[in-house]
Structure formats: C-alpha cells, structure tokens
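Notes to accompany the following structure.
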Amino acid sequence: MEIYVNGEMKVLQDGSTIAELVSTLGYNNERIAVELNKEILPFDQYVSKTLSANDRLEIVHAIGGGQADELIIAGQSFHSRLLVGTGKYKDLNETYLAIEASGAEIVTVAIRRTNIGQNPDEPNLLDIISPDQFTLLPNTAGCYTVDDAVRTCRLARELLGGHRLVKLEVLGDEKTLFPDIVATLEAAKILVADGFDVMVYTNDDPIVAKQLEDIGCVAVMPLAAPIGSGLGIRNPYNILTIVENASVPILVDAGVGTASDAAVAMELGCDGVLMNTAIAEARDPVLMASAMRKGIEAGREAYRAGRMPRKRFASASSPIDGLFL
C-alpha cells in the first residue's frame with residue numbers, strides 16, 4: 001500500500017503499524033512527534049495503530065535554532081550545492097570516484113541513442129549512478145532545435161519511469177555553444193506546459209533569466225563563460241543582478257575552471273554551481289572534485305557571513321591607544 005510521510009510517498013506492507021514505520025525510518029531512539037491525517041498520535045499508540053492506504057503522516061523532531069541551509073529545487077531539498085556531470089572521464093570507475101568525492105546529490109546524464117549490436121554486458125552509466133543514491137538530471141546537451149530538446153526530455157521521462165526534473169539547453173552553434181535564447185524560451189514553454197520541472201541553461205542576461213522564471217522554470221542556470229572554457233565568471237555583475245531579482249534558485253552553469261571560480265559564484269549569492277569539464281579534465285579529477293566541494297562550501301559560508309565592506313584606504317586592526325612612543 002502507498003502512504004505519504006512528510007510529503008513523500010512510501011510503499012509499505014498492508015497492516016504495517018506506526019511503530020514499524022518509525023523503525024524502518026531509523027527513528028527508534030529519537031524523540032519524535034507523529035501527526036496522522038492531521039491528528040496528533042500519542043506515543044503509546046504507535047504499536048497498536050495500523051496504517052491504511054493513502055494515510056498522510058508528518059514526523060517531526062526538535063532541531064537547533066535557525067534554518068537549515070538547504071538547496072530546494074522543485075520542492076526537493078538537497079544538502080549539496082554542487083551539481084556535476086558525467087562526461088569526459090576516462091572510465092566509469094573514475095566517473096563514480098569523482099562524483100563521490102564531490103559530494104554531489106544531483107548528477108546530469110545525457111540521453112543518447114543506443115548502439116545497436118553493443119554487448120549487453122558492457123557497463124552502463126546507470127549501473128554506477130543509481131537513481132536510489134542520486135537525483136538524476138537528464139539534459140538536452142547537443143540539441144540545437146526546439147523539437148530535438150523537447151523529444152529528448154520526453155524520452156528521458158520514459159527511460160526513467162516518469163521522471164520530471166530535466167535540464168534544458170538549446171544551443172545556438174557548435175563553436176561557442178552559446179544558448180539559442182529564442183529557441184530556449186520556446187522549448188521551456190512547451191516543457192513546462194507538459195508537466196516537466198525545468199532547470200534551464202541560459203546566457204547571463206538578467207532580462208532573459210526573469211522571462212524563464214516567469215515561464216515556470218524551477219531553476220535558472222546562467223553561464224559563467226562558454227561551456228568547457230574554464231574561464232571563470234566573466235560578468236559577475238550580471239550574475240549578481242540575476243540573483244538579486246530571482247525568486248527561483250540561480251545556479252551557475254558552464255565556464256568554471258577551478259575551486260576559486262566556484263567560490264566566487266557562491267559568494268555572489270548563487271544557489272549552486274553545475275560543472276563537468278572543470279573536474280573531468282583536471283590532472284586528478286577525484287582530487288579536483290574534492291576541491292570543488294570545499295570551494296562551494298567556503299563560498300556559501302562567506303556569502304552567509306557577509307563580507308566586510310571594501311575600503312579605499314587602510315584601516316588598522318589594532319587600536320592606536322596605549323602605543324609605546
């Protein structure tokens with residue numbers, strides 16, 4: 001039977017009790033409170049209370065003051081603000097090790113035709129990147145038309161069993177890989193209307209970013225620099241303007257080269273960074289993935305802390321009173 005716990009669907013055996021559910025969720029030794037169908041359930045009823053199909057439960061516990069600093073996309077919470085791709089690694093083992101070192105919870109995957117005649121025993125990306133461990137983000141990399149991008153998303157939804165979260169990119173040309181904004185806007189409208197949760201790659205134009213948000217995209221992803229260039233953020237003031245005017249997550253996508261680039265993006269107030277080449281083409285991809293993780297975390301902490309104001313002249317750290325003169 002299906003029930004809902006804190007808004008998420010769970011499948012349980014018929015006749016399961018609250019106590020069995022709590023045990024399955026690992027809350028045996030924690031102080032919790034349970035609300036069943038909007039009624040508070042006393043602790044001494046957990047063992048005897050049998051669940052029914054479509055029951056809705058809220059399970060809460062006490063935490064320290066303050067708000068958890070989580071990235072929320074399409075209603076789902078993530079602890080990591082680093083999103084990574086899966087291309088350009090030397091093999092699947094390196095791919096997995098780098099993703100693991102990055103701490104990423106969202107991983108992009110490209111959708112491609114199967115190679116007819118390929119040995120079915122050859123390793124598959126989904127064998128090492130399990131949907132049970134990661135949130136997969138199918139993308140439309142390599143699509144140059146609205147039709148190709150929309151078809152790719154629909155095939156991804158079928159491939160992944162109704163998956164709604166996708167990354168949309170419609171490219172303008174093969175040399176720059178800049179987005180075709182007119183086509184991107186059109187494809188976004190189609191996909192949002194079709195029920196997709198669209199994270200969208202775009203340029204660093206604040207006007208376009210707002211238009212994509214107004215269409216209904218769940219996250220807007222302006223480029224820092226051309227895809228795979230490693231140039232870092234070329235126009236921080238545009239990125240800052242996008243962030244300041246957004247009510248959906250803003251994630252830098254493309255152009256990051258090293259950990260300091262990722263930190264700068266986070267210090268500007270971006271909600272996250274998506275990268276692939278910067279990790280995969282490093283001399284040591286696994287070590288770079290770890291560095292990117294730390295850069296994201298440091299940049300986010302610096303943004304939350306609030307940097308000191310810039311000053312034209314020096315300001316002494318120590319008081320001058322009491323000097324020996």
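Going by the structure tokens order, chains are called A, B, ..., each with residues numbered from 1, while ligands are numbered from 1 in the order shown.
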| query | Per DSSP on the backbone, what are the strand (DSSP E) residues of segment 78-142 of chain A, as a ChimeraX atom specification? | reply | /A:78,82-84,106-110,135-139
Atoms to include: all heavy atoms. Write the selected residues as a short mmCIF file (atom, residue, chain, number, x, y, z; two decimals), in the first residue's frame.
```
data_model
loop_
_atom_site.label_atom_id
_atom_site.label_comp_id
_atom_site.auth_asym_id
_atom_site.auth_seq_id
_atom_site.Cartn_x
_atom_site.Cartn_y
_atom_site.Cartn_z
N PHE A 78 18.12 19.50 -0.97
CA PHE A 78 19.44 18.93 -1.18
C PHE A 78 20.44 19.60 -0.23
O PHE A 78 20.38 20.81 -0.02
CB PHE A 78 19.90 19.12 -2.63
CG PHE A 78 18.97 18.51 -3.64
CD1 PHE A 78 17.97 19.27 -4.23
CD2 PHE A 78 19.07 17.17 -3.99
CE1 PHE A 78 17.11 18.72 -5.16
CE2 PHE A 78 18.21 16.60 -4.91
CZ PHE A 78 17.21 17.38 -5.50
N LEU A 82 26.60 21.58 -5.09
CA LEU A 82 27.43 21.26 -6.25
C LEU A 82 26.74 20.19 -7.08
O LEU A 82 26.42 19.11 -6.58
CB LEU A 82 28.80 20.76 -5.80
CG LEU A 82 29.75 20.27 -6.89
CD1 LEU A 82 30.01 21.35 -7.94
CD2 LEU A 82 31.06 19.79 -6.27
N LEU A 83 26.48 20.50 -8.33
CA LEU A 83 25.89 19.55 -9.27
C LEU A 83 26.97 19.19 -10.28
O LEU A 83 27.74 20.06 -10.71
CB LEU A 83 24.69 20.16 -10.00
CG LEU A 83 23.41 20.44 -9.21
CD1 LEU A 83 23.60 21.58 -8.21
CD2 LEU A 83 22.27 20.79 -10.15
N VAL A 84 27.04 17.93 -10.66
CA VAL A 84 28.12 17.51 -11.55
C VAL A 84 27.60 16.72 -12.74
O VAL A 84 26.52 16.11 -12.69
CB VAL A 84 29.18 16.66 -10.79
CG1 VAL A 84 29.85 17.50 -9.71
CG2 VAL A 84 28.55 15.42 -10.17
N ILE A 106 22.91 15.75 -7.10
CA ILE A 106 22.27 15.84 -8.41
C ILE A 106 23.33 15.63 -9.48
O ILE A 106 24.37 16.30 -9.48
CB ILE A 106 21.60 17.22 -8.62
CG1 ILE A 106 20.56 17.47 -7.53
CG2 ILE A 106 20.96 17.29 -10.00
CD1 ILE A 106 19.90 18.84 -7.64
N VAL A 107 23.08 14.69 -10.37
CA VAL A 107 24.06 14.31 -11.39
C VAL A 107 23.39 14.37 -12.76
O VAL A 107 22.34 13.76 -12.96
CB VAL A 107 24.61 12.90 -11.14
CG1 VAL A 107 25.61 12.51 -12.21
CG2 VAL A 107 25.25 12.81 -9.76
N THR A 108 23.99 15.10 -13.69
CA THR A 108 23.41 15.20 -15.02
C THR A 108 23.79 13.99 -15.86
O THR A 108 24.90 13.47 -15.75
CB THR A 108 23.86 16.48 -15.75
OG1 THR A 108 25.26 16.42 -16.03
CG2 THR A 108 23.56 17.71 -14.92
N VAL A 109 22.87 13.59 -16.70
CA VAL A 109 23.12 12.49 -17.64
C VAL A 109 22.59 12.90 -19.01
O VAL A 109 21.52 13.49 -19.13
CB VAL A 109 22.45 11.17 -17.19
CG1 VAL A 109 23.10 10.64 -15.94
CG2 VAL A 109 20.96 11.37 -16.95
N ALA A 110 23.38 12.60 -20.04
CA ALA A 110 22.95 12.88 -21.40
C ALA A 110 22.15 11.69 -21.93
O ALA A 110 22.40 10.54 -21.55
CB ALA A 110 24.15 13.15 -22.30
N THR A 135 19.96 12.03 -7.46
CA THR A 135 18.89 12.56 -8.27
C THR A 135 19.43 12.79 -9.67
O THR A 135 20.35 13.60 -9.87
CB THR A 135 18.37 13.90 -7.70
OG1 THR A 135 17.75 13.65 -6.43
CG2 THR A 135 17.35 14.53 -8.64
N LEU A 136 18.93 12.04 -10.63
CA LEU A 136 19.42 12.15 -12.00
C LEU A 136 18.79 13.36 -12.67
O LEU A 136 17.61 13.64 -12.49
CB LEU A 136 19.10 10.89 -12.79
CG LEU A 136 19.70 9.58 -12.25
CD1 LEU A 136 19.39 8.43 -13.19
CD2 LEU A 136 21.20 9.71 -12.03
N LEU A 137 19.61 14.07 -13.43
CA LEU A 137 19.16 15.25 -14.14
C LEU A 137 19.42 15.06 -15.63
O LEU A 137 20.48 15.44 -16.13
CB LEU A 137 19.88 16.50 -13.61
CG LEU A 137 19.49 17.84 -14.23
CD1 LEU A 137 18.02 18.14 -13.96
CD2 LEU A 137 20.36 18.96 -13.68
N PRO A 138 18.47 14.44 -16.34
CA PRO A 138 18.66 14.29 -17.79
C PRO A 138 18.80 15.66 -18.44
O PRO A 138 18.06 16.59 -18.09
CB PRO A 138 17.37 13.58 -18.24
CG PRO A 138 16.76 13.03 -17.00
CD PRO A 138 17.18 13.92 -15.88
N ASN A 139 19.74 15.79 -19.36
CA ASN A 139 19.89 17.08 -20.03
C ASN A 139 19.78 16.93 -21.54
O ASN A 139 19.84 15.82 -22.08
CB ASN A 139 21.19 17.78 -19.63
CG ASN A 139 22.43 17.06 -20.10
OD1 ASN A 139 22.46 16.46 -21.17
ND2 ASN A 139 23.48 17.13 -19.32
#
```
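Every protein or nucleic acid residue with an atom no more than 12 Å from Ser229 of chain A, counting only C-alpha atoms and leaving out same-chain residues fewer than 2 positions away, appears here: Lys175, Thr176, Leu177, Phe178, Leu223, Ala224, Ala225, Pro226, Ile227, Leu231, Gly232, Ile233, Arg234, Asp253, Ala254, Gly255, Val256, Gly257, Thr258, Met275, Asn276, Thr277, Ala278 and Glu281 of chain A.
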| note | With distances taken over only C-alpha atoms, the candidate from A:Gly295, A:Gly15, A:Gly103, A:Gly26 nearest Thr50 of chain A is A:Gly15
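In this structure, atom CA of Gln76 of chain A sits 17.8 Å away from atom CA of Arg157 of chain A.
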| Selection near segment 44-46 of chain A, 9 Å with only C-alpha atoms, sequence-local residues under 3 positions removed, as a PyMOL selection string | chain A and resi 17-20+22+34+41+49-50
| request: Select from segment 129-303 of chain A everything DSSP, run on the backbone, classes as alpha helix (DSSP H), then give the selection as number ranges by chain. | output: A: 146-159, 181-193, 206-215, 236-244, 259-267, 277-280, 285-303
Keeping only C-alpha atoms, write those residues as a PDB file, in the first residue's frame.
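Once everything was written out, this is part.pdb:
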```
ATOM      1  CA  VAL A 146      13.288  23.094 -30.021  1.00  0.00           C
ATOM      2  CA  ASP A 147      11.990  19.816 -31.380  1.00  0.00           C
ATOM      3  CA  ASP A 148      15.152  17.873 -30.519  1.00  0.00           C
ATOM      4  CA  ALA A 149      15.232  19.269 -26.985  1.00  0.00           C
ATOM      5  CA  VAL A 150      11.570  18.511 -26.283  1.00  0.00           C
ATOM      6  CA  ARG A 151      11.810  14.998 -27.743  1.00  0.00           C
ATOM      7  CA  THR A 152      14.911  14.286 -25.660  1.00  0.00           C
ATOM      8  CA  CYS A 153      13.156  15.305 -22.444  1.00  0.00           C
ATOM      9  CA  ARG A 154      10.156  13.153 -23.256  1.00  0.00           C
ATOM     10  CA  LEU A 155      12.375  10.159 -23.999  1.00  0.00           C
ATOM     11  CA  ALA A 156      14.208  10.741 -20.710  1.00  0.00           C
ATOM     12  CA  ARG A 157      10.892  10.753 -18.869  1.00  0.00           C
ATOM     13  CA  GLU A 158      10.052   7.397 -20.402  1.00  0.00           C
ATOM     14  CA  LEU A 159      13.534   5.991 -19.756  1.00  0.00           C
ATOM     15  CA  ILE A 181      17.670  32.121 -26.421  1.00  0.00           C
ATOM     16  CA  VAL A 182      14.653  32.317 -28.720  1.00  0.00           C
ATOM     17  CA  ALA A 183      14.560  28.535 -29.041  1.00  0.00           C
ATOM     18  CA  THR A 184      15.244  28.084 -25.318  1.00  0.00           C
ATOM     19  CA  LEU A 185      12.252  30.234 -24.384  1.00  0.00           C
ATOM     20  CA  GLU A 186      10.008  28.316 -26.770  1.00  0.00           C
ATOM     21  CA  ALA A 187      11.179  24.898 -25.567  1.00  0.00           C
ATOM     22  CA  ALA A 188      10.778  25.956 -21.935  1.00  0.00           C
ATOM     23  CA  LYS A 189       7.155  26.931 -22.521  1.00  0.00           C
ATOM     24  CA  ILE A 190       6.407  23.566 -24.137  1.00  0.00           C
ATOM     25  CA  LEU A 191       8.103  21.514 -21.421  1.00  0.00           C
ATOM     26  CA  VAL A 192       6.573  23.422 -18.503  1.00  0.00           C
ATOM     27  CA  ALA A 193       3.135  23.014 -20.070  1.00  0.00           C
ATOM     28  CA  PRO A 206      19.051  39.329 -16.379  1.00  0.00           C
ATOM     29  CA  ILE A 207      16.032  40.053 -18.608  1.00  0.00           C
ATOM     30  CA  VAL A 208      16.060  36.594 -20.175  1.00  0.00           C
ATOM     31  CA  ALA A 209      16.614  34.981 -16.772  1.00  0.00           C
ATOM     32  CA  LYS A 210      13.471  36.650 -15.459  1.00  0.00           C
ATOM     33  CA  GLN A 211      11.484  35.611 -18.540  1.00  0.00           C
ATOM     34  CA  LEU A 212      12.472  31.985 -17.997  1.00  0.00           C
ATOM     35  CA  GLU A 213      11.433  32.220 -14.357  1.00  0.00           C
ATOM     36  CA  ASP A 214       8.088  33.731 -15.370  1.00  0.00           C
ATOM     37  CA  ILE A 215       7.514  30.844 -17.798  1.00  0.00           C
ATOM     38  CA  PRO A 236      29.869  38.923 -12.119  1.00  0.00           C
ATOM     39  CA  TYR A 237      27.636  41.983 -12.087  1.00  0.00           C
ATOM     40  CA  ASN A 238      25.125  40.391 -14.458  1.00  0.00           C
ATOM     41  CA  ILE A 239      25.118  37.251 -12.340  1.00  0.00           C
ATOM     42  CA  LEU A 240      24.593  39.384  -9.237  1.00  0.00           C
ATOM     43  CA  THR A 241      21.682  41.196 -10.887  1.00  0.00           C
ATOM     44  CA  ILE A 242      20.082  37.882 -11.839  1.00  0.00           C
ATOM     45  CA  VAL A 243      20.435  36.610  -8.268  1.00  0.00           C
ATOM     46  CA  GLU A 244      19.024  39.786  -6.726  1.00  0.00           C
ATOM     47  CA  ALA A 259      37.623  25.876  -6.951  1.00  0.00           C
ATOM     48  CA  SER A 260      38.075  29.647  -6.615  1.00  0.00           C
ATOM     49  CA  ASP A 261      35.644  30.159  -9.533  1.00  0.00           C
ATOM     50  CA  ALA A 262      33.058  28.079  -7.710  1.00  0.00           C
ATOM     51  CA  ALA A 263      33.635  30.050  -4.505  1.00  0.00           C
ATOM     52  CA  VAL A 264      33.148  33.355  -6.354  1.00  0.00           C
ATOM     53  CA  ALA A 265      29.819  32.139  -7.752  1.00  0.00           C
ATOM     54  CA  MET A 266      28.636  31.223  -4.280  1.00  0.00           C
ATOM     55  CA  GLU A 267      29.876  34.500  -2.774  1.00  0.00           C
ATOM     56  CA  THR A 277      34.788  19.697 -17.599  1.00  0.00           C
ATOM     57  CA  ALA A 278      36.485  21.508 -14.711  1.00  0.00           C
ATOM     58  CA  ILE A 279      36.551  18.243 -12.787  1.00  0.00           C
ATOM     59  CA  ALA A 280      36.832  15.660 -15.563  1.00  0.00           C
ATOM     60  CA  PRO A 285      39.717  14.559 -11.343  1.00  0.00           C
ATOM     61  CA  VAL A 286      38.960  12.956  -7.987  1.00  0.00           C
ATOM     62  CA  LEU A 287      41.117  15.456  -6.096  1.00  0.00           C
ATOM     63  CA  MET A 288      39.615  18.342  -8.071  1.00  0.00           C
ATOM     64  CA  ALA A 289      36.115  17.107  -7.252  1.00  0.00           C
ATOM     65  CA  SER A 290      37.027  17.293  -3.575  1.00  0.00           C
ATOM     66  CA  ALA A 291      38.440  20.795  -4.056  1.00  0.00           C
ATOM     67  CA  MET A 292      35.265  21.940  -5.810  1.00  0.00           C
ATOM     68  CA  ARG A 293      33.190  20.617  -2.929  1.00  0.00           C
ATOM     69  CA  LYS A 294      35.226  22.683  -0.470  1.00  0.00           C
ATOM     70  CA  GLY A 295      35.122  25.754  -2.719  1.00  0.00           C
ATOM     71  CA  ILE A 296      31.335  25.604  -2.883  1.00  0.00           C
ATOM     72  CA  GLU A 297      31.052  25.205   0.878  1.00  0.00           C
ATOM     73  CA  ALA A 298      33.516  28.026   1.630  1.00  0.00           C
ATOM     74  CA  GLY A 299      31.847  30.387  -0.829  1.00  0.00           C
ATOM     75  CA  ARG A 300      28.424  29.701   0.614  1.00  0.00           C
ATOM     76  CA  GLU A 301      29.633  30.274   4.170  1.00  0.00           C
ATOM     77  CA  ALA A 302      31.305  33.524   3.138  1.00  0.00           C
ATOM     78  CA  TYR A 303      28.095  34.712   1.483  1.00  0.00           C
TER      79      TYR A 303
END
```
| So how many Å separate atom CA of Lys88 of chain A and atom CA of Cys217 of chain A, to one decimal? |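 One can read the atom CA of Lys88 of chain A to atom CA of Cys217 of chain A distance as 27.9 Å.
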| request: Using only C-alpha atoms, determine which residues lie at most 12 Å from Glu39 of chain A, disregarding the query and same-chain residues fewer than 5 positions distant; provide the list as a list in words. | output: Ala33, Val34, Asp55, Arg56, Leu57, Glu58 and Ile59 of chain A
Grab the residues selected above and save them as a PDB file, in the first residue's frame with C-alpha atoms.
```
ATOM      1  CA  ALA A  33       6.124  13.516  17.231  1.00  0.00           C
ATOM      2  CA  VAL A  34       3.763  11.927  14.719  1.00  0.00           C
ATOM      3  CA  ASP A  55      -2.621   7.820   5.061  1.00  0.00           C
ATOM      4  CA  ARG A  56      -0.650  11.044   5.443  1.00  0.00           C
ATOM      5  CA  LEU A  57       1.866  11.413   8.243  1.00  0.00           C
ATOM      6  CA  GLU A  58       4.058  14.232   9.434  1.00  0.00           C
ATOM      7  CA  ILE A  59       7.037  13.195  11.567  1.00  0.00           C
TER       8      ILE A  59
END
```
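Residues within 10 Å of Gln13 of chain A, counting only C-alpha atoms and excluding same-chain residues fewer than 4 positions away, are Met1, Glu2, Thr17, Leu51, Ser52 and Ala53 of chain A.
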Atoms kept (N, CA, C and O atoms) for selection, written as a PDB file, in the first residue's frame:
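Below is the file out-v8.pdb, written as the result:
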```pdb
ATOM      1  N   MET A   1       0.840  -1.193   0.000  1.00  0.00           N
ATOM      2  CA  MET A   1       0.000   0.000   0.000  1.00  0.00           C
ATOM      3  C   MET A   1       0.878   1.248   0.000  1.00  0.00           C
ATOM      4  O   MET A   1       2.036   1.200   0.428  1.00  0.00           O
ATOM      5  N   GLU A   2       0.328   2.347  -0.464  1.00  0.00           N
ATOM      6  CA  GLU A   2       1.060   3.607  -0.542  1.00  0.00           C
ATOM      7  C   GLU A   2       0.580   4.556   0.555  1.00  0.00           C
ATOM      8  O   GLU A   2      -0.625   4.720   0.770  1.00  0.00           O
ATOM      9  N   THR A  17       2.297  -1.017  11.124  1.00  0.00           N
ATOM     10  CA  THR A  17       1.949  -0.112  12.219  1.00  0.00           C
ATOM     11  C   THR A  17       2.850   1.115  12.194  1.00  0.00           C
ATOM     12  O   THR A  17       3.888   1.135  11.521  1.00  0.00           O
ATOM     13  N   LEU A  51      -1.669   1.312   9.879  1.00  0.00           N
ATOM     14  CA  LEU A  51      -1.770   2.288   8.788  1.00  0.00           C
ATOM     15  C   LEU A  51      -2.676   1.772   7.682  1.00  0.00           C
ATOM     16  O   LEU A  51      -2.789   0.556   7.456  1.00  0.00           O
ATOM     17  N   SER A  52      -3.289   2.714   6.962  1.00  0.00           N
ATOM     18  CA  SER A  52      -4.145   2.388   5.823  1.00  0.00           C
ATOM     19  C   SER A  52      -3.608   3.095   4.578  1.00  0.00           C
ATOM     20  O   SER A  52      -2.845   4.067   4.672  1.00  0.00           O
ATOM     21  N   ALA A  53      -4.014   2.588   3.419  1.00  0.00           N
ATOM     22  CA  ALA A  53      -3.577   3.181   2.154  1.00  0.00           C
ATOM     23  C   ALA A  53      -3.938   4.663   2.114  1.00  0.00           C
ATOM     24  O   ALA A  53      -5.013   5.071   2.556  1.00  0.00           O
TER      25      ALA A  53
END
```
